[in-house]
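Source file: structure-v5.txt; contents: compact mmCIF, C-alpha atoms.
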```txt
# COMPACT_ATOMS: atom_id res chain seq x y z
CA MET A 1 10.42 2.83 28.42
CA GLU A 2 13.48 4.36 26.76
CA THR A 3 12.46 3.05 23.36
CA LEU A 4 9.08 4.79 23.59
CA ILE A 5 10.83 8.11 24.13
CA ALA A 6 13.29 7.24 21.34
CA PHE A 7 10.36 6.45 19.09
CA ALA A 8 8.74 9.84 19.76
CA VAL A 9 12.01 11.68 19.12
CA THR A 10 12.62 9.68 15.95
CA LEU A 11 9.13 10.43 14.67
CA ALA A 12 9.70 14.13 15.30
CA ALA A 13 13.04 13.95 13.48
CA ILE A 14 11.40 12.25 10.49
CA THR A 15 8.78 15.00 10.43
CA VAL A 16 11.39 17.76 10.49
CA ALA A 17 13.56 16.05 7.87
CA SER A 18 10.54 15.59 5.60
CA LEU A 19 8.87 18.98 6.09
CA ARG A 20 11.76 21.38 6.55
CA TYR A 21 14.63 19.77 4.65
CA ARG A 22 12.65 17.66 2.14
CA LEU A 23 15.15 14.82 2.37
CA PRO A 24 14.30 11.74 0.26
CA PRO A 25 12.53 8.93 2.15
CA PHE A 26 15.45 6.47 1.88
CA LEU A 27 17.95 8.85 3.44
CA THR A 28 15.46 10.02 6.07
CA LEU A 29 14.48 6.52 7.13
CA VAL A 30 18.00 5.08 7.19
CA GLY A 31 19.13 8.06 9.25
CA ALA A 32 16.13 7.59 11.53
CA SER A 33 17.07 3.94 12.06
CA VAL A 34 20.51 4.98 13.28
CA LEU A 35 19.03 7.69 15.50
CA PHE A 36 16.50 5.32 17.04
CA GLY A 37 19.17 2.71 17.65
CA LEU A 38 21.49 5.18 19.37
CA LEU A 39 18.70 6.63 21.52
CA SER A 40 17.70 3.08 22.48
CA ARG A 41 21.29 2.39 23.61
CA MET A 42 21.88 -0.31 21.04
CA PRO A 43 25.54 -1.04 20.12
CA ALA A 44 26.59 0.59 16.87
CA GLU A 45 27.54 -2.77 15.37
CA THR A 46 24.07 -4.11 16.15
CA ILE A 47 22.38 -1.09 14.61
CA VAL A 48 24.23 -1.54 11.34
CA MET A 49 23.62 -5.28 11.30
CA VAL A 50 19.87 -5.19 11.96
CA ALA A 51 19.33 -2.16 9.71
CA THR A 52 20.98 -3.82 6.72
CA ALA A 53 19.20 -7.08 7.51
CA GLY A 54 15.86 -5.26 7.64
CA ALA A 55 16.54 -3.54 4.32
CA GLY A 56 17.65 -6.82 2.76
CA ARG A 57 14.56 -8.63 4.04
CA ILE A 58 12.28 -6.14 2.31
CA PHE A 59 14.25 -6.42 -0.92
CA THR A 60 14.02 -10.22 -0.78
CA LEU A 61 10.30 -10.06 -0.14
CA LEU A 62 9.36 -7.36 -2.65
CA GLY A 63 12.24 -6.80 -5.08
CA ILE A 64 10.83 -8.92 -7.93
CA VAL A 65 7.25 -7.92 -7.13
CA ILE A 66 7.94 -4.18 -7.30
CA PHE A 67 10.15 -4.40 -10.39
CA CYS A 68 7.57 -6.43 -12.31
CA GLY A 69 4.62 -4.35 -11.12
CA VAL A 70 6.26 -1.08 -12.09
CA GLY A 71 7.45 -2.64 -15.35
CA ILE A 72 3.91 -3.67 -16.28
CA ALA A 73 2.63 -0.22 -15.36
CA GLN A 74 5.24 1.47 -17.54
CA VAL A 75 4.54 -0.81 -20.51
CA LEU A 76 0.84 0.00 -20.28
CA ARG A 77 1.59 3.68 -19.96
CA GLU A 78 4.06 3.87 -22.85
CA SER A 79 1.75 1.87 -25.12
CA GLY A 80 -1.29 4.00 -24.24
CA ARG A 81 -3.21 0.98 -22.95
CA ILE A 82 -3.86 2.36 -19.50
CA ALA A 83 -6.37 4.69 -21.15
CA ASP A 84 -8.12 1.63 -22.57
CA ILE A 85 -8.33 0.06 -19.12
CA VAL A 86 -9.87 3.20 -17.65
CA ALA A 87 -12.28 3.39 -20.60
CA ASP A 88 -13.39 -0.20 -20.00
CA ILE A 89 -13.99 0.48 -16.32
CA ARG A 90 -15.78 3.72 -17.11
CA GLY A 91 -18.03 1.89 -19.54
CA LEU A 92 -19.21 -0.27 -16.65
CA VAL A 93 -19.45 2.19 -13.77
CA ARG A 94 -20.48 5.25 -15.85
CA ARG A 95 -19.49 8.01 -13.40
CA PRO A 96 -16.08 9.74 -13.07
CA VAL A 97 -15.84 9.27 -9.29
CA ALA A 98 -16.77 5.60 -9.57
CA THR A 99 -14.30 5.27 -12.46
CA ALA A 100 -11.47 6.70 -10.36
CA GLY A 101 -12.35 4.62 -7.32
CA ALA A 102 -12.84 1.38 -9.24
CA ALA A 103 -9.64 1.86 -11.24
CA GLY A 104 -7.56 2.55 -8.14
CA TYR A 105 -9.14 -0.34 -6.23
CA LEU A 106 -8.72 -2.88 -9.03
CA LEU A 107 -5.25 -1.98 -10.28
CA SER A 108 -3.37 -1.77 -6.97
CA VAL A 109 -3.61 -5.52 -6.29
CA PRO A 110 -2.26 -6.98 -9.56
CA LEU A 111 0.33 -4.19 -9.75
CA MET A 112 1.31 -5.00 -6.13
CA CYS A 113 1.69 -1.32 -5.31
CA GLY A 114 -0.95 1.29 -4.53
CA ILE A 115 1.54 4.02 -5.39
CA THR A 116 2.29 2.50 -8.78
CA SER A 117 -1.37 2.22 -9.71
CA PHE A 118 -1.87 5.86 -8.76
CA VAL A 119 1.12 6.99 -10.79
CA ILE A 120 -0.18 5.38 -13.96
CA LEU A 121 -3.77 6.51 -13.38
CA ALA A 122 -3.08 10.13 -12.44
CA PRO A 123 -2.46 11.45 -15.99
CA ILE A 124 -5.72 9.88 -17.16
CA LEU A 125 -7.84 10.97 -14.20
CA THR A 126 -6.76 14.58 -14.43
CA HIS A 127 -8.24 14.70 -17.94
CA LEU A 128 -11.59 13.21 -16.96
CA SER A 129 -12.80 16.57 -15.69
CA PRO A 130 -12.11 20.13 -16.87
CA ASP A 131 -12.81 21.43 -13.36
CA GLY A 132 -9.63 21.60 -11.25
CA ARG A 133 -11.37 20.92 -7.94
CA ALA A 134 -13.20 17.92 -9.39
CA ALA A 135 -9.96 16.57 -10.86
CA LYS A 136 -8.33 16.69 -7.42
CA THR A 137 -11.31 14.80 -5.99
CA LEU A 138 -10.76 12.07 -8.57
CA LEU A 139 -7.07 11.85 -7.67
CA TYR A 140 -7.75 11.51 -3.94
CA CYS A 141 -10.50 8.98 -4.66
CA ALA A 142 -8.17 6.79 -6.73
CA GLY A 143 -5.38 7.10 -4.16
CA VAL A 144 -7.47 6.14 -1.14
CA ALA A 145 -9.33 3.41 -3.05
CA GLY A 146 -6.04 1.88 -4.14
CA MET A 147 -4.82 1.79 -0.56
CA ILE A 148 -8.03 0.08 0.60
CA SER A 149 -7.49 -2.95 -1.63
CA TYR A 150 -3.69 -2.82 -1.25
CA VAL A 151 -3.92 -3.08 2.55
CA LEU A 152 -6.80 -5.54 2.88
CA LEU A 153 -6.71 -8.04 0.04
CA TYR A 154 -4.58 -11.13 -0.49
CA PRO A 155 -2.23 -11.54 -2.40
CA ALA A 156 -1.37 -7.83 -2.16
CA PRO A 157 1.94 -7.27 -0.33
CA VAL A 158 0.52 -6.06 3.01
CA VAL A 159 -1.51 -9.17 3.81
CA TYR A 160 1.10 -11.34 2.12
CA SER A 161 3.81 -9.87 4.37
CA THR A 162 1.64 -10.34 7.46
CA ILE A 163 0.99 -14.00 6.70
CA THR A 164 4.66 -14.61 5.91
CA ALA A 165 5.95 -12.85 9.05
CA LEU A 166 3.53 -14.70 11.33
CA GLY A 167 4.05 -18.04 9.59
CA LEU A 168 0.29 -18.56 9.31
CA SER A 169 -0.62 -21.86 7.68
CA GLY A 170 -3.82 -22.91 5.97
CA ARG A 171 -5.45 -21.32 2.95
CA PRO A 172 -4.54 -17.61 2.75
CA TRP A 173 -7.28 -17.00 0.17
CA ASP A 174 -9.83 -17.60 2.95
CA ILE A 175 -8.89 -14.17 4.27
CA ASP A 176 -10.52 -12.61 1.22
CA LEU A 177 -13.88 -14.08 2.24
CA VAL A 178 -13.97 -11.34 4.86
CA ALA A 179 -11.54 -8.83 3.35
CA VAL A 180 -13.30 -8.49 -0.02
CA PRO A 181 -16.75 -7.57 1.41
CA LEU A 182 -15.09 -5.28 3.96
CA SER A 183 -12.99 -3.52 1.32
CA LEU A 184 -16.03 -3.08 -0.95
CA LEU A 185 -17.94 -1.57 1.96
CA LEU A 186 -15.11 0.89 2.57
CA LEU A 187 -14.94 1.65 -1.16
CA ALA A 188 -18.67 2.35 -1.28
CA GLY A 189 -18.40 4.73 1.66
CA LEU A 190 -15.48 6.51 -0.01
CA LEU A 191 -17.35 6.89 -3.30
CA LEU A 192 -20.41 8.32 -1.56
CA ALA A 193 -18.28 10.85 0.31
CA MET A 194 -16.30 11.85 -2.79
CA ARG A 195 -19.36 12.05 -5.03
CA ARG A 196 -20.75 14.88 -2.92
CA ARG A 197 -17.75 17.00 -3.90
CA MET A 198 -18.27 16.59 -7.63
CA PRO A 199 -20.23 19.15 -9.67
CA PRO A 200 -23.54 17.65 -10.96
CA ALA A 201 -22.46 18.01 -14.58
CA GLU A 202 -19.40 15.89 -13.90
CA GLU A 203 -21.56 12.99 -12.77
CA ALA A 204 -23.69 13.06 -15.91
CA GLU A 205 -20.99 12.26 -18.44
CA LYS A 206 -21.57 9.33 -20.79
CA PRO A 207 -19.37 6.27 -20.49
CA ALA A 208 -16.55 5.65 -22.91
CA ALA A 209 -16.17 2.40 -24.80
CA GLY A 210 -13.26 0.00 -24.38
CA ARG A 211 -10.80 -0.34 -27.23
CA ASN A 212 -8.05 -2.88 -26.59
CA PRO A 213 -8.59 -6.20 -24.79
CA ARG A 214 -4.82 -6.82 -24.83
CA ALA A 215 -4.46 -4.08 -22.21
CA TRP A 216 -5.86 -6.54 -19.67
CA LEU A 217 -3.58 -9.44 -20.68
CA PRO A 218 -0.94 -9.00 -17.93
CA PHE A 219 -3.63 -8.95 -15.24
CA VAL A 220 -5.41 -11.97 -16.73
CA VAL A 221 -2.11 -13.87 -16.73
CA ILE A 222 -1.28 -12.90 -13.15
CA LEU A 223 -4.69 -13.66 -11.69
CA GLY A 224 -5.01 -16.82 -13.80
CA MET A 225 -1.71 -18.20 -12.51
CA LEU A 226 -2.59 -17.38 -8.91
CA ALA A 227 -6.01 -19.01 -9.24
CA ILE A 228 -4.74 -22.17 -10.99
CA GLY A 229 -1.86 -22.55 -8.56
CA SER A 230 -4.18 -22.24 -5.60
CA LEU A 231 -6.86 -24.60 -6.93
CA VAL A 232 -4.73 -27.28 -8.62
CA PRO A 233 -2.25 -28.87 -6.14
CA PRO A 234 0.19 -30.25 -8.77
CA LEU A 235 0.52 -26.72 -10.16
CA HIS A 236 0.97 -25.04 -6.80
CA ALA A 237 4.19 -23.37 -7.98
CA LEU A 238 2.13 -21.13 -10.25
CA ALA A 239 0.65 -19.44 -7.16
CA ASN A 240 4.07 -17.98 -6.30
CA ILE A 241 3.51 -14.24 -6.53
CA ASN A 242 7.03 -13.59 -7.87
CA LEU A 243 6.57 -16.08 -10.71
CA ALA A 244 3.09 -14.75 -11.50
CA LEU A 245 4.27 -11.13 -11.68
CA LEU A 246 7.33 -12.07 -13.76
CA THR A 247 5.11 -13.94 -16.23
CA GLY A 248 2.72 -11.00 -16.34
CA LEU A 249 5.58 -8.66 -17.19
CA PHE A 250 6.74 -10.89 -20.04
CA ALA A 251 3.15 -11.06 -21.31
CA ALA A 252 2.98 -7.25 -21.34
CA LEU A 253 6.35 -6.94 -23.09
CA ALA A 254 5.43 -9.52 -25.73
CA THR A 255 2.47 -7.50 -27.00
CA VAL A 256 4.20 -4.15 -27.66
CA PRO A 257 6.73 -3.01 -30.29
CA GLY A 258 10.44 -3.13 -29.55
CA ASP A 259 10.84 0.62 -29.11
CA VAL A 260 8.04 0.66 -26.53
CA ARG A 261 9.65 -2.28 -24.67
CA GLU A 262 12.99 -0.53 -24.53
CA LYS A 263 11.55 2.78 -23.35
CA ALA A 264 9.25 1.14 -20.79
CA LEU A 265 11.99 -1.01 -19.29
CA HIS A 266 14.36 1.97 -19.07
CA LYS A 267 11.87 4.16 -17.24
CA GLY A 268 10.38 1.27 -15.26
CA THR A 269 13.77 0.19 -13.92
CA LYS A 270 14.47 3.72 -12.72
CA ASN A 271 11.07 4.10 -11.04
CA ALA A 272 11.24 0.63 -9.50
CA GLY A 273 14.67 1.42 -8.08
CA ILE A 274 13.35 4.52 -6.32
CA ILE A 275 10.40 2.62 -4.82
CA ILE A 276 12.54 -0.31 -3.73
CA PHE A 277 15.13 1.96 -2.10
CA ASP A 278 12.39 3.81 -0.20
CA LEU A 279 10.93 0.51 1.00
CA ALA A 280 14.40 -0.75 1.92
CA GLY A 281 14.97 2.39 3.98
CA ALA A 282 11.71 1.75 5.78
CA GLY A 283 12.80 -1.85 6.27
CA ALA A 284 16.03 -0.66 7.89
CA LEU A 285 14.10 1.42 10.42
CA GLY A 286 11.62 -1.38 10.98
CA GLY A 287 14.41 -3.86 11.57
CA VAL A 288 16.03 -1.66 14.22
CA ILE A 289 12.68 -1.10 15.95
CA ALA A 290 11.96 -4.82 15.98
CA ALA A 291 15.42 -5.64 17.36
CA SER A 292 15.08 -3.18 20.26
CA THR A 293 12.99 -3.52 23.40
CA PHE A 294 10.25 -1.50 21.73
CA PRO A 295 7.87 -4.51 21.46
CA ALA A 296 8.20 -5.30 25.16
CA ASP A 297 7.83 -1.63 26.10
CA VAL A 298 4.65 -1.28 24.03
CA ALA A 299 3.26 -4.48 25.51
CA ALA A 300 4.00 -3.18 29.01
CA LEU A 301 2.41 0.16 28.16
CA VAL A 302 -0.90 -1.36 27.11
CA ALA A 303 -0.91 -4.14 29.72
CA GLY A 304 -3.69 -3.50 32.21
CA ASN A 305 -4.99 -0.60 30.14
CA LEU A 306 -6.05 -2.35 26.96
CA PRO A 307 -7.02 -5.98 26.27
CA ILE A 308 -4.31 -8.06 24.63
CA ILE A 309 -6.40 -8.47 21.50
CA ILE A 310 -5.87 -4.75 20.79
CA LEU A 311 -2.07 -5.15 20.91
CA PRO A 312 -1.63 -6.02 17.19
CA PHE A 313 -3.52 -2.89 16.16
CA VAL A 314 -1.62 -0.62 18.55
CA ILE A 315 1.80 -1.91 17.48
CA ALA A 316 0.94 -1.74 13.78
CA ALA A 317 -0.37 1.83 14.11
CA LEU A 318 2.78 2.96 15.93
CA VAL A 319 5.12 1.28 13.44
CA GLN A 320 3.13 2.77 10.54
CA ALA A 321 3.48 6.24 12.02
CA ALA A 322 7.21 5.73 12.43
CA GLN A 323 8.20 4.61 8.96
CA GLY A 324 5.28 5.04 6.56
CA SER A 325 5.52 1.80 4.58
CA ARG A 326 2.50 -0.44 5.01
CA VAL A 327 4.40 -3.49 3.84
CA VAL A 328 7.10 -2.87 6.42
CA THR A 329 4.41 -2.27 9.04
CA ALA A 330 2.96 -5.70 8.29
CA ALA A 331 6.33 -7.46 8.29
CA VAL A 332 7.68 -5.74 11.40
CA THR A 333 4.43 -6.05 13.37
CA GLY A 334 4.28 -9.74 12.51
CA ALA A 335 7.87 -10.23 13.72
CA ILE A 336 7.11 -8.34 16.93
CA LEU A 337 3.90 -10.24 17.65
CA ALA A 338 5.64 -13.56 17.16
CA THR A 339 7.28 -12.95 20.55
CA THR A 340 4.06 -12.02 22.38
CA PRO A 341 1.03 -13.99 23.68
CA ALA A 342 -1.20 -12.16 21.18
CA VAL A 343 -0.36 -14.72 18.50
CA THR A 344 -2.20 -17.45 20.36
CA ALA A 345 -4.80 -15.23 22.02
CA VAL A 346 -6.16 -13.71 18.80
CA ASN A 347 -7.92 -15.56 15.99
CA PRO A 348 -5.57 -15.66 12.93
CA LEU A 349 -8.08 -13.92 10.66
CA ALA A 350 -8.76 -11.23 13.26
CA LEU A 351 -5.00 -10.88 13.74
CA VAL A 352 -4.44 -10.18 10.05
CA LEU A 353 -7.30 -7.68 9.99
CA MET A 354 -5.95 -5.86 13.06
CA ILE A 355 -2.53 -5.46 11.51
CA SER A 356 -4.15 -4.17 8.32
CA ALA A 357 -6.21 -1.77 10.43
CA GLY A 358 -3.04 -0.42 12.01
CA ALA A 359 -1.43 -0.06 8.58
CA PHE A 360 -4.25 2.34 7.63
CA MET A 361 -3.51 4.64 10.56
CA PHE A 362 -1.37 7.80 10.68
CA SER A 363 -0.49 7.96 6.96
CA TYR A 364 1.41 11.13 7.55
CA VAL A 365 4.76 12.73 6.67
CA SER A 366 6.70 9.46 6.88
CA ASP A 367 4.47 8.03 4.14
CA PRO A 368 5.97 8.59 0.64
CA PHE A 369 2.47 8.49 -0.87
CA PHE A 370 1.51 11.52 1.24
CA TRP A 371 4.12 13.60 -0.59
CA LEU A 372 3.23 12.13 -3.98
CA LEU A 373 -0.39 13.20 -3.49
CA LYS A 374 0.72 16.64 -2.35
CA ARG A 375 2.89 17.09 -5.44
CA THR A 376 0.27 15.72 -7.83
CA THR A 377 -2.70 17.70 -6.52
CA GLY A 378 -0.78 20.85 -5.65
CA ASP A 379 -2.72 21.05 -2.38
CA ASP A 380 -1.35 22.39 0.87
CA PHE A 381 -0.40 20.25 3.85
CA SER A 382 -3.75 20.43 5.64
CA ALA A 383 -5.69 19.49 2.51
CA VAL A 384 -3.71 16.29 2.04
CA VAL A 385 -4.27 15.39 5.70
CA ARG A 386 -7.99 16.03 5.31
CA ASN A 387 -8.41 14.15 2.01
CA TYR A 388 -5.92 11.31 2.51
CA THR A 389 -4.73 10.82 6.09
CA LEU A 390 -8.15 11.10 7.75
CA PRO A 391 -10.07 8.86 5.30
CA LEU A 392 -7.48 6.12 5.67
CA SER A 393 -7.56 6.41 9.46
CA ALA A 394 -11.34 6.08 9.30
CA ALA A 395 -10.88 2.93 7.21
CA GLY A 396 -8.53 1.66 9.91
CA ILE A 397 -11.14 2.15 12.63
CA VAL A 398 -13.78 0.32 10.58
CA THR A 399 -11.33 -2.52 9.89
CA LEU A 400 -10.50 -2.76 13.58
CA ALA A 401 -14.21 -3.03 14.37
CA ALA A 402 -14.54 -5.84 11.81
CA ALA A 403 -11.57 -7.63 13.37
CA LEU A 404 -13.16 -7.44 16.81
CA VAL A 405 -16.38 -8.88 15.41
CA VAL A 406 -14.44 -11.75 13.83
CA GLN A 407 -12.61 -12.33 17.12
CA ALA A 408 -15.93 -12.45 19.01
CA ILE A 409 -17.62 -14.82 16.56
CA LEU A 410 -14.85 -17.27 15.62
```
Take the structure in the file and write it out as structure tokens.
Amino acid sequence: METLIAFAVTLAAITVASLRYRLPPFLTLVGASVLFGLLSRMPAETIVMVATAGAGRIFTLLGIVIFCGVGIAQVLRESGRIADIVADIRGLVRRPVATAGAAGYLLSVPLMCGITSFVILAPILTHLSPDGRAAKTLLYCAGVAGMISYVLLYPAPVVYSTITALGLSGRPWDIDLVAVPLSLLLLAGLLLAMRRRMPPAEEAEKPAAGRNPRAWLPFVVILGMLAIGSLVPPLHALANINLALLTGLFAALATVPGDVREKALHKGTKNAGIIIFDLAGAGALGGVIAASTFPADVAALVAGNLPIIILPFVIAALVQAAQGSRVVTAAVTGAILATTPAVTAVNPLALVLMISAGAFMFSYVSDPFFWLLKRTTGDDFSAVVRNYTLPLSAAGIVTLAAALVVQAIL
């Protein structure tokens, strides 16, 4: 059980490094991977090898996706088209809270990053209400809503990473037959809870009209390629998420002036680099955890106390608490489960849902989005926990319940 103690110490160290010293996530997580490895009595050479391999694996999986997603977001932002997208959504849903929730939910999937969608929406959402408290409610609503779709829906990176790590065959889009209704149920619950915090006058505003259909072009291209590639076997290559995102980026760049392209690519490359480095740091920690005896120790801990079908959720929740990246949680948990009987004991759809449920849990100080929300809203620590950490954990519990229902039925 040494790795369980090492895990607890490492989590505490991450908390101290984040709260007291405000170290950047990449440095904190890479340092934590070394600390965990040493406390787990892994050879130094092995720590370095598996940490760099874990970081490299995340870059291979998400490097193009993140760069293109952030690039599209920056093009839309520099060209002013993100305001048109929000206006179109607002014209349909009519209310500020629903606008924030729908925008966050819809944009996080094609942008392949819940953080990126929040970053581009935040400047717009803060101007939807003159009341400071209401504006914060809109920001939290968009952030949590974005994470709901980001964690549950395919082809967003979390489910994509889970399927890839577990080597699940078949039609991955079938997962959305359950994930889409579940995510919409969670979104509806979020909107109802957030709406109660809005002043009545804020909910009576008239909808704005859309202005620029070209703002939606990158998303139409991405979703169109994914749909055609999935439905037409000879064109299966189009369903490759890297190719779809790359094409979407070129579509966005082709519709803006040269000065906007240059400015967007300059800023987008910088922002993408920060996100990728943070994810790579989380991948380094995840790689060290996966290479240790941590999986066996967790399995032994829950054996006899919890049914094996709960194991995917427990491991995912612990990994999420340790390193904060939901994509890494999915990839690492999948790699861990590949060595356990849970892979054959749990229905594949239920397995994916359980890992997603765990990825919702404990979105705390190791989660870069936690700090982004804190900086953007200006709230104190407890307020971010109350408005972000707890709602996502509640979504995790509901998702776990849905997974257990799927396991019982199928």
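In this model, the gap between CA of Ala17 (chain A) and CA of Gly31 (chain A) comes to 9.8 Å.
Take CA of Gly91 (chain A) and CA of Ala122 (chain A): the distance between them is 18.5 Å.
Taking all atoms listed in the file, the non-local environment of region 393-403 of chain A within 9 Å (same-chain residues fewer than 4 positions away omitted) comprises Ile148, Leu152, Val178, Leu182, Ser183, Leu186, Ile310, Phe313, Leu349, Ala350, Leu351, Val352, Leu353, Met354, Ile355, Ser356, Ala357, Gly358, Ala359, Phe360, Met361, Phe362, Ser363, Tyr388, Thr389, Gln407 and Ala408 of chain A.
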Would you write out those residues with C-alpha atoms, as a PDB file, in the coordinates of the input?
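Result went into out-v5.pdb, see below:
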```
ATOM      1  CA  ILE A 148      -8.030   0.080   0.600  1.00  0.00           C
ATOM      2  CA  LEU A 152      -6.800  -5.540   2.880  1.00  0.00           C
ATOM      3  CA  VAL A 178     -13.970 -11.340   4.860  1.00  0.00           C
ATOM      4  CA  LEU A 182     -15.090  -5.280   3.960  1.00  0.00           C
ATOM      5  CA  SER A 183     -12.990  -3.520   1.320  1.00  0.00           C
ATOM      6  CA  LEU A 186     -15.110   0.890   2.570  1.00  0.00           C
ATOM      7  CA  ILE A 310      -5.870  -4.750  20.790  1.00  0.00           C
ATOM      8  CA  PHE A 313      -3.520  -2.890  16.160  1.00  0.00           C
ATOM      9  CA  LEU A 349      -8.080 -13.920  10.660  1.00  0.00           C
ATOM     10  CA  ALA A 350      -8.760 -11.230  13.260  1.00  0.00           C
ATOM     11  CA  LEU A 351      -5.000 -10.880  13.740  1.00  0.00           C
ATOM     12  CA  VAL A 352      -4.440 -10.180  10.050  1.00  0.00           C
ATOM     13  CA  LEU A 353      -7.300  -7.680   9.990  1.00  0.00           C
ATOM     14  CA  MET A 354      -5.950  -5.860  13.060  1.00  0.00           C
ATOM     15  CA  ILE A 355      -2.530  -5.460  11.510  1.00  0.00           C
ATOM     16  CA  SER A 356      -4.150  -4.170   8.320  1.00  0.00           C
ATOM     17  CA  ALA A 357      -6.210  -1.770  10.430  1.00  0.00           C
ATOM     18  CA  GLY A 358      -3.040  -0.420  12.010  1.00  0.00           C
ATOM     19  CA  ALA A 359      -1.430  -0.060   8.580  1.00  0.00           C
ATOM     20  CA  PHE A 360      -4.250   2.340   7.630  1.00  0.00           C
ATOM     21  CA  MET A 361      -3.510   4.640  10.560  1.00  0.00           C
ATOM     22  CA  PHE A 362      -1.370   7.800  10.680  1.00  0.00           C
ATOM     23  CA  SER A 363      -0.490   7.960   6.960  1.00  0.00           C
ATOM     24  CA  TYR A 388      -5.920  11.310   2.510  1.00  0.00           C
ATOM     25  CA  THR A 389      -4.730  10.820   6.090  1.00  0.00           C
ATOM     26  CA  GLN A 407     -12.610 -12.330  17.120  1.00  0.00           C
ATOM     27  CA  ALA A 408     -15.930 -12.450  19.010  1.00  0.00           C
TER      28      ALA A 408
END
```
For this session: Find the residues around region 51-60 of chain A up to 7 Å (only C-alpha atoms counted), leave out those fewer than 3 positions away in its own chain, and share them as a PyMOL selection string.
Result: chain A and resi 33+47-48+63+276+279-281+283-288
Convert the current residue selection to file output with C-alpha atoms, as a short mmCIF file (atom, residue, chain, number, x, y, z; two decimals), keeping the file's coordinate frame.
```cif
data_model
loop_
_atom_site.label_atom_id
_atom_site.label_comp_id
_atom_site.auth_asym_id
_atom_site.auth_seq_id
_atom_site.Cartn_x
_atom_site.Cartn_y
_atom_site.Cartn_z
CA SER A 33 17.07 3.94 12.06
CA ILE A 47 22.38 -1.09 14.61
CA VAL A 48 24.23 -1.54 11.34
CA GLY A 63 12.24 -6.80 -5.08
CA ILE A 276 12.54 -0.31 -3.73
CA LEU A 279 10.93 0.51 1.00
CA ALA A 280 14.40 -0.75 1.92
CA GLY A 281 14.97 2.39 3.98
CA GLY A 283 12.80 -1.85 6.27
CA ALA A 284 16.03 -0.66 7.89
CA LEU A 285 14.10 1.42 10.42
CA GLY A 286 11.62 -1.38 10.98
CA GLY A 287 14.41 -3.86 11.57
CA VAL A 288 16.03 -1.66 14.22
#
```
For this session: Considering only C-alpha atoms, return as an NGL selection string whatever protein or nucleic-acid residues lie within 12 Å of Thr116 (chain A), sequence-local ones (same chain, fewer than 3 positions apart) excluded.
Result: :A and (65-74 or 76-77 or 104 or 107-113 or 119-122 or 142-143 or 146-147 or 150 or 268 or 271-272 or 274-276 or 368-369 or 372)
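For the pair CA of Ile241 (chain A) and CA of Leu226 (chain A), the interatomic distance is 7.3 Å.
Summary of the local environment: counting all atoms listed in the file, residues at most 8 Å from Leu168 (chain A), other than itself and those fewer than 4 positions away along its chain, are Ile163, Thr164 and Pro348 of chain A.
Minimum atom-to-atom distance to Tyr154 (chain A), evaluated using only C-alpha atoms, belongs to A:Ala227 out of A:Met198, A:Pro213, A:Leu139, A:Ala227.
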Exercise. Of the candidates A:Val97, A:Ile5, A:Arg261, A:Ala316, which one gets nearest to Arg196 (chain A) if we count only C-alpha atoms?
Worked result: A:Val97
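With only C-alpha atoms as the basis for measurement, A:Met49 is the residue among A:Ile85, A:Ala338, A:Met49, A:Ala331 that approaches Gly37 (chain A) most closely.
Among the candidates A:Pro96, A:Gly80, A:Pro307, A:Pro43, the one nearest to Arg197 (chain A) when counting all atoms listed in the file is A:Pro96.
Using all atoms listed in the file, the smallest distance between any of A:Lys136, A:Arg95, A:Arg41, A:Arg20 and Gly378 (chain A) comes from A:Lys136.
The shortest atom-to-atom distance to Leu243 (chain A), with all atoms listed in the file taken into account, belongs to A:Ile64 out of A:Val34, A:Ile64, A:Leu106, A:Ser79.
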Exercise. Which protein, DNA or RNA residues are at most 9 Å from (-12.3, 8.6, -12.1) in the file's coordinates when you count all atoms listed in the file, listed as a list of chain:residue names?
Worked result: A:Val86, A:Arg90, A:Arg95, A:Pro96, A:Val97, A:Ala98, A:Thr99, A:Ala100, A:Gly101, A:Ala102, A:Ala103, A:Gly104, A:Leu121, A:Ile124, A:Leu125, A:Thr126, A:Leu128, A:Ser129, A:Ala135, A:Thr137, A:Leu138, A:Leu139, A:Cys141, A:Ala142
Exercise. Within 12 Å of (14.3, -0.9, 20.9), all atoms listed in the file: residues as a PyMOL selection string?
Worked result: chain A and resi 1-7+10+33-43+46-47+50+285-298+336
Final N, CA and C atoms of region 341-346 of chain A as a PDB file, in the coordinates of the input:
```pdb
ATOM      1  N   PRO A 341       2.157 -13.065  23.550  1.00  0.00           N
ATOM      2  CA  PRO A 341       1.030 -13.990  23.680  1.00  0.00           C
ATOM      3  C   PRO A 341      -0.124 -13.684  22.723  1.00  0.00           C
ATOM      4  N   ALA A 342      -0.100 -12.533  22.064  1.00  0.00           N
ATOM      5  CA  ALA A 342      -1.200 -12.160  21.180  1.00  0.00           C
ATOM      6  C   ALA A 342      -1.377 -13.140  20.034  1.00  0.00           C
ATOM      7  N   VAL A 343      -0.284 -13.792  19.619  1.00  0.00           N
ATOM      8  CA  VAL A 343      -0.360 -14.720  18.500  1.00  0.00           C
ATOM      9  C   VAL A 343      -1.323 -15.865  18.778  1.00  0.00           C
ATOM     10  N   THR A 344      -1.306 -16.349  19.998  1.00  0.00           N
ATOM     11  CA  THR A 344      -2.200 -17.450  20.360  1.00  0.00           C
ATOM     12  C   THR A 344      -3.530 -16.967  20.914  1.00  0.00           C
ATOM     13  N   ALA A 345      -3.568 -15.740  21.403  1.00  0.00           N
ATOM     14  CA  ALA A 345      -4.800 -15.230  22.020  1.00  0.00           C
ATOM     15  C   ALA A 345      -5.788 -14.698  20.994  1.00  0.00           C
ATOM     16  N   VAL A 346      -5.309 -14.334  19.812  1.00  0.00           N
ATOM     17  CA  VAL A 346      -6.160 -13.710  18.800  1.00  0.00           C
ATOM     18  C   VAL A 346      -6.373 -14.680  17.644  1.00  0.00           C
TER      19      VAL A 346
END
```
